[in-house]
Amino acid sequence: MYSTAGHCRNPSLQVTADHKIKLVSAPRLKPGVGEVLLHIKVTGICGSDIHFWKTGAIGSLTVDGDCILGHEAAGIVLEVGEGVSNFSKGDRVAVEPGVPCGTCFLCMKGRYNLCDDVKFSGVYPYHGSLQRFKVHPARWIHKIPDTMTLSQGALLEPLSVVMHGISRSHLSLGRGVVVCGAGPIGLIALAAARASGAHPIVITDLEPSRLAFAKEFVPCCQTYQVRRDIDAQENAKAIRSLFGEMEYEAPETILECTGVESSVVTAAYTVRKGGDLTVIGVGKAIMNNLPFMHISLAEINLKFINRYADTWPAGISALSGGVLNLDKLITHTFPLERAIDAMKLCSDVSKGSIKIHVIDDRDEI
C-alpha cells in the first residue's frame with residue numbers, strides 16, 4: 001500500500017490509480033511565462049487527499065494515474081518567469097490551488113470556482129503541493145505579511161472554504177447558528193461564526209473528543225453529541241431546545257460541514273422556518289432521503305458551495321489582523337520525507353488529529 005524512495009531532490013507524495021501512495025522524486029520544473037517556481041514550505045492534509053487515496057474518486061473527479069496530492073499550501077518564491085513583475089525571489093506566499101480558464105462566462109462573472117476547465121492542484125492530472133518545488137501561475141498566489149507564519153498561510157485554503165460558505169449564508173449579530181461537524185472545516189466555521197457575532201452557537205458531532213476540543217477552542221459555544229439511537233427529527237428537537245422553546249428562537253443559520261446525509265437531514269429539521277441551511281461539507285454523489293416537503297413548506301434556503309472565489313485577500317486580512325486565530329487546529333506536523341506517515345495519521349480518525357501540516361524546513365536548495 002505504501003512505497004517510499006530514498007533521498008530525493010524533489011520528494012513528492014503521489015497517489016496511484018490502484019489506491020497506493022508513494023514518496024518519489026518528481027522533476028524540478030522551470031517557470032514559464034506568467035509562472036513562478038515555489039519552494040513549498042507547508043502543506044495541510046485535507047480529507048479530500050484521503051478520499052483520493054482510499055477510494056480513488058470524489059464524485060466525477062477520479063484518479064486515473066499517478067498524481068501529486070496537496071492543495072493547502074504556502075511557500076517562498078524561488079524564481080519568476082517571463083512577464084511576472086509583482087513577485088520577487090524570497091516573497092512569502094499562499095497558494096490558491098484552482099487555476100480557472102479565465103475566459104468562460106462564469107470566470108467573467110467572478111464565479112471562477114464554477115469554471116468547467118479549472119486546473120486544481122492535487123486533482124488528477126494536475127500535480128499538487130506535497131512536493132518541495134512547484135510551478136504555479138503568479139496570478140494565483142498571494143503575498144502574506146511578515147506577521148503571518150507560513151503555516152497560517154496554508155490555513156487560508158480551508159478558511160476560504162468556510163468564508164465562501166458564510167458568504168452564501170446570513171450570519172447575524174446576536175442570532176443563533178448551528179455548526180454540524182467538529183472536524184477542521186467545522187472548527188474553522190465555529191471560529192468564524194464567533195467572530196461574526198453570532199450567538200448562541202451550537203456545534204454538533206458524533207465524537208465527544210472532537211466536541212471537547214471545540215469547547216476549548218471556542219469556550220462560549222455549546223456542544224451537542226449526535227445520538228445514533230434516535231432519528232434525525234429527535235436529534236433536531238434536542239438541538240433546538242438549546243436555543244429555546246419558540247420557533248422564533250430556533251437557529252436562523254446552519255453551517256453543515258460534514259456532507260453526511262443524516263447530518264444534512266437533521267440540519268433541515270433544526271433550522272428555523274425561512275432560515276438558511278448551507279452545506280459546506282462534501283458528501284456522496286446521491287442523497288435520497290432529504291425531507292423535501294418539510295424544506296419546501298418551511299421555505300428553508302438549502303444552499304451548497306463549490307470551493308471558493310476571491311477569498312484569499314480577506315482571509316489574509318482576518319488572520320493577520322487577529323480577527324481569527326486558527327493556530328490551535330494544527331495538532332501534528334511531519335517533515336516532507338514523512339508525508340506518508342502524515343497521510344496514515346489523517347486517515348485514522350481515532351488518533352485525534354485535527355489539522356496535520358507537512359513541513360519542508362530544508363533551506364539548501
# chains A, B, ... in the order shown; residues from 1 in each chain; ligands from 1
$ select_by_dssp --residues "region 159-362 of chain A" --states "strand (DSSP E or B)" --output "VMD selection string"
chain A and resid 177 to 180 201 to 205 222 to 225 253 to 256 276 to 279 301 to 304 330 to 335 355 to 359
$ select_by_dssp --residues "region 149-284 of chain A" --states "alpha helix (DSSP H)" --output "ChimeraX atom specification"
/A:150-154,156-167,184-196,208-217,232-241,261-270
$ atom_distance --atom1 "CA of Gly34 (chain A)" --atom2 "CA of Phe105 (chain A)"
22.5 Å
$ residues_around --residues "Glu247 (chain A)" --least-positions-apart "2" --cutoff "8 Å" --atoms "only C-alpha atoms" --output "list in words"
Glu245, Glu249, Ala250, Arg272 and Lys273 of chain A
$ atom_distance --atom1 "CA of Leu23 (chain A)" --atom2 "CA of Gly75 (chain A)"
19.8 Å
$ atom_distance --atom1 "CA of Leu78 (chain A)" --atom2 "CA of Asp91 (chain A)"
8.2 Å
$ residues_around --residues "Pro137 (chain A)" --least-positions-apart "3" --cutoff "9 Å" --atoms "only C-alpha atoms" --output "tab-separated table (two decimals) with C-alpha atoms, in the first residue's frame"
chain	number	residue	atom	x	y	z
A	31	PRO	CA	8.63	28.58	-14.54
A	32	GLY	CA	7.13	29.56	-17.87
A	33	VAL	CA	5.52	32.80	-18.94
A	34	GLY	CA	3.43	34.20	-16.08
A	35	GLU	CA	4.56	31.50	-13.67
A	36	VAL	CA	6.69	31.27	-10.54
A	37	LEU	CA	8.74	28.48	-9.05
A	99	VAL	CA	-6.49	27.85	-11.86
A	140	TRP	CA	-2.97	32.54	-8.26
A	141	ILE	CA	-0.52	33.16	-5.44
$ closest_residue --among "A:Ser25, A:Thr270, A:Thr16, A:Thr55" --to "Pro291 (chain A)" --atoms "only C-alpha atoms"
A:Thr270
$ closest_residue --among "A:Pro208, A:Gly65, A:Gly128, A:Gly176" --to "Pro251 (chain A)" --atoms "only C-alpha atoms"
A:Gly176
$ closest_residue --among "A:Ala309, A:Ile45, A:Glu337, A:Ala94" --to "Gln152 (chain A)" --atoms "only C-alpha atoms"
A:Ala94
$ residues_around --residues "region 121-127 of chain A" --least-positions-apart "2" --cutoff "9 Å" --atoms "only C-alpha atoms" --output "PDB file with C-alpha atoms, in the first residue's frame"
ATOM      1  CA  GLN A  14       1.864  10.710  -5.050  1.00  0.00           C
ATOM      2  CA  ASP A  49      -6.467  13.793  -0.143  1.00  0.00           C
ATOM      3  CA  PHE A  52      -8.450  10.190  -3.447  1.00  0.00           C
ATOM      4  CA  LEU A  61     -13.102  13.560 -10.060  1.00  0.00           C
ATOM      5  CA  THR A  62     -11.146  10.333 -10.453  1.00  0.00           C
ATOM      6  CA  VAL A  63      -7.532   9.276 -10.010  1.00  0.00           C
ATOM      7  CA  ASP A  64      -6.613   7.763 -13.366  1.00  0.00           C
ATOM      8  CA  GLY A  65      -2.836   7.859 -12.960  1.00  0.00           C
ATOM      9  CA  ASP A  66      -0.060   8.985 -10.643  1.00  0.00           C
ATOM     10  CA  CYS A  67      -0.753  12.402  -9.150  1.00  0.00           C
ATOM     11  CA  ILE A  68       0.989  14.527  -6.525  1.00  0.00           C
ATOM     12  CA  LEU A  69      -1.531  15.324  -3.808  1.00  0.00           C
ATOM     13  CA  GLY A  70      -1.916  18.504  -1.755  1.00  0.00           C
ATOM     14  CA  HIS A  71      -3.629  21.862  -2.194  1.00  0.00           C
ATOM     15  CA  GLU A  96      -4.662  29.450  -4.341  1.00  0.00           C
ATOM     16  CA  PRO A  97      -4.818  25.966  -5.868  1.00  0.00           C
ATOM     17  CA  GLY A  98      -7.518  26.391  -8.505  1.00  0.00           C
ATOM     18  CA  VAL A  99      -6.493  27.850 -11.862  1.00  0.00           C
ATOM     19  CA  LYS A 119      -6.951  23.078 -13.157  1.00  0.00           C
ATOM     20  CA  SER A 129       1.790  20.846  -3.395  1.00  0.00           C
ATOM     21  CA  LEU A 130       3.040  17.817  -1.488  1.00  0.00           C
ATOM     22  CA  LYS A 134       6.132  23.520  -7.552  1.00  0.00           C
TER      23      LYS A 134
END
$ residues_around --residues "Ile356 (chain A)" --least-positions-apart "4" --cutoff "12 Å" --atoms "only C-alpha atoms" --output "ChimeraX atom specification"
/A:42-47,49,70,72,151,154-155,183-184,327-336,338-347,351-352
$ closest_residue --among "A:Gly197, A:Gly59, A:Pro219, A:Gly165" --to "Val323 (chain A)" --atoms "only C-alpha atoms"
A:Gly197
$ residues_around --residues "Val218 (chain A)" --least-positions-apart "4" --cutoff "10 Å" --atoms "only C-alpha atoms" --output "PyMOL selection string"
chain A and resi 187+190-191+194+201+213-214+222
$ write_last_selection --atoms "N, CA and C atoms" --output "JSON list (two decimals), in the first residue's frame"
[["chain", "number", "residue", "atom", "x", "y", "z"],
["A", 187, "LEU", "N", -14.61, 23.37, 12.70],
["A", 187, "LEU", "CA", -13.98, 24.18, 13.74],
["A", 187, "LEU", "C", -13.64, 25.58, 13.22],
["A", 190, "LEU", "N", -16.84, 27.36, 13.19],
["A", 190, "LEU", "CA", -17.17, 27.74, 14.57],
["A", 190, "LEU", "C", -16.47, 29.04, 14.95],
["A", 191, "ALA", "N", -15.17, 29.13, 14.67],
["A", 191, "ALA", "CA", -14.42, 30.34, 14.99],
["A", 191, "ALA", "C", -14.92, 31.53, 14.19],
["A", 194, "ARG", "N", -18.24, 32.76, 15.57],
["A", 194, "ARG", "CA", -18.00, 33.55, 16.78],
["A", 194, "ARG", "C", -17.50, 34.94, 16.42],
["A", 201, "ILE", "N", -24.21, 29.80, 19.75],
["A", 201, "ILE", "CA", -23.58, 28.92, 18.77],
["A", 201, "ILE", "C", -23.56, 27.50, 19.33],
["A", 213, "PHE", "N", -12.69, 19.35, 22.15],
["A", 213, "PHE", "CA", -11.74, 20.25, 21.50],
["A", 213, "PHE", "C", -12.44, 21.54, 21.08],
["A", 214, "ALA", "N", -13.64, 21.41, 20.53],
["A", 214, "ALA", "CA", -14.39, 22.59, 20.09],
["A", 214, "ALA", "C", -14.69, 23.52, 21.25],
["A", 222, "GLN", "N", -21.88, 26.01, 22.70],
["A", 222, "GLN", "CA", -22.48, 24.84, 23.32],
["A", 222, "GLN", "C", -22.25, 23.65, 22.39]]
$ closest_residue --among "A:Leu277, A:Val93, A:Ala17, A:Ile300" --to "Ala57 (chain A)" --atoms "only C-alpha atoms"
A:Ala17
$ closest_residue --among "A:Gly90, A:Pro200, A:Pro11, A:Pro145" --to "Gly321 (chain A)" --atoms "only C-alpha atoms"
A:Pro145
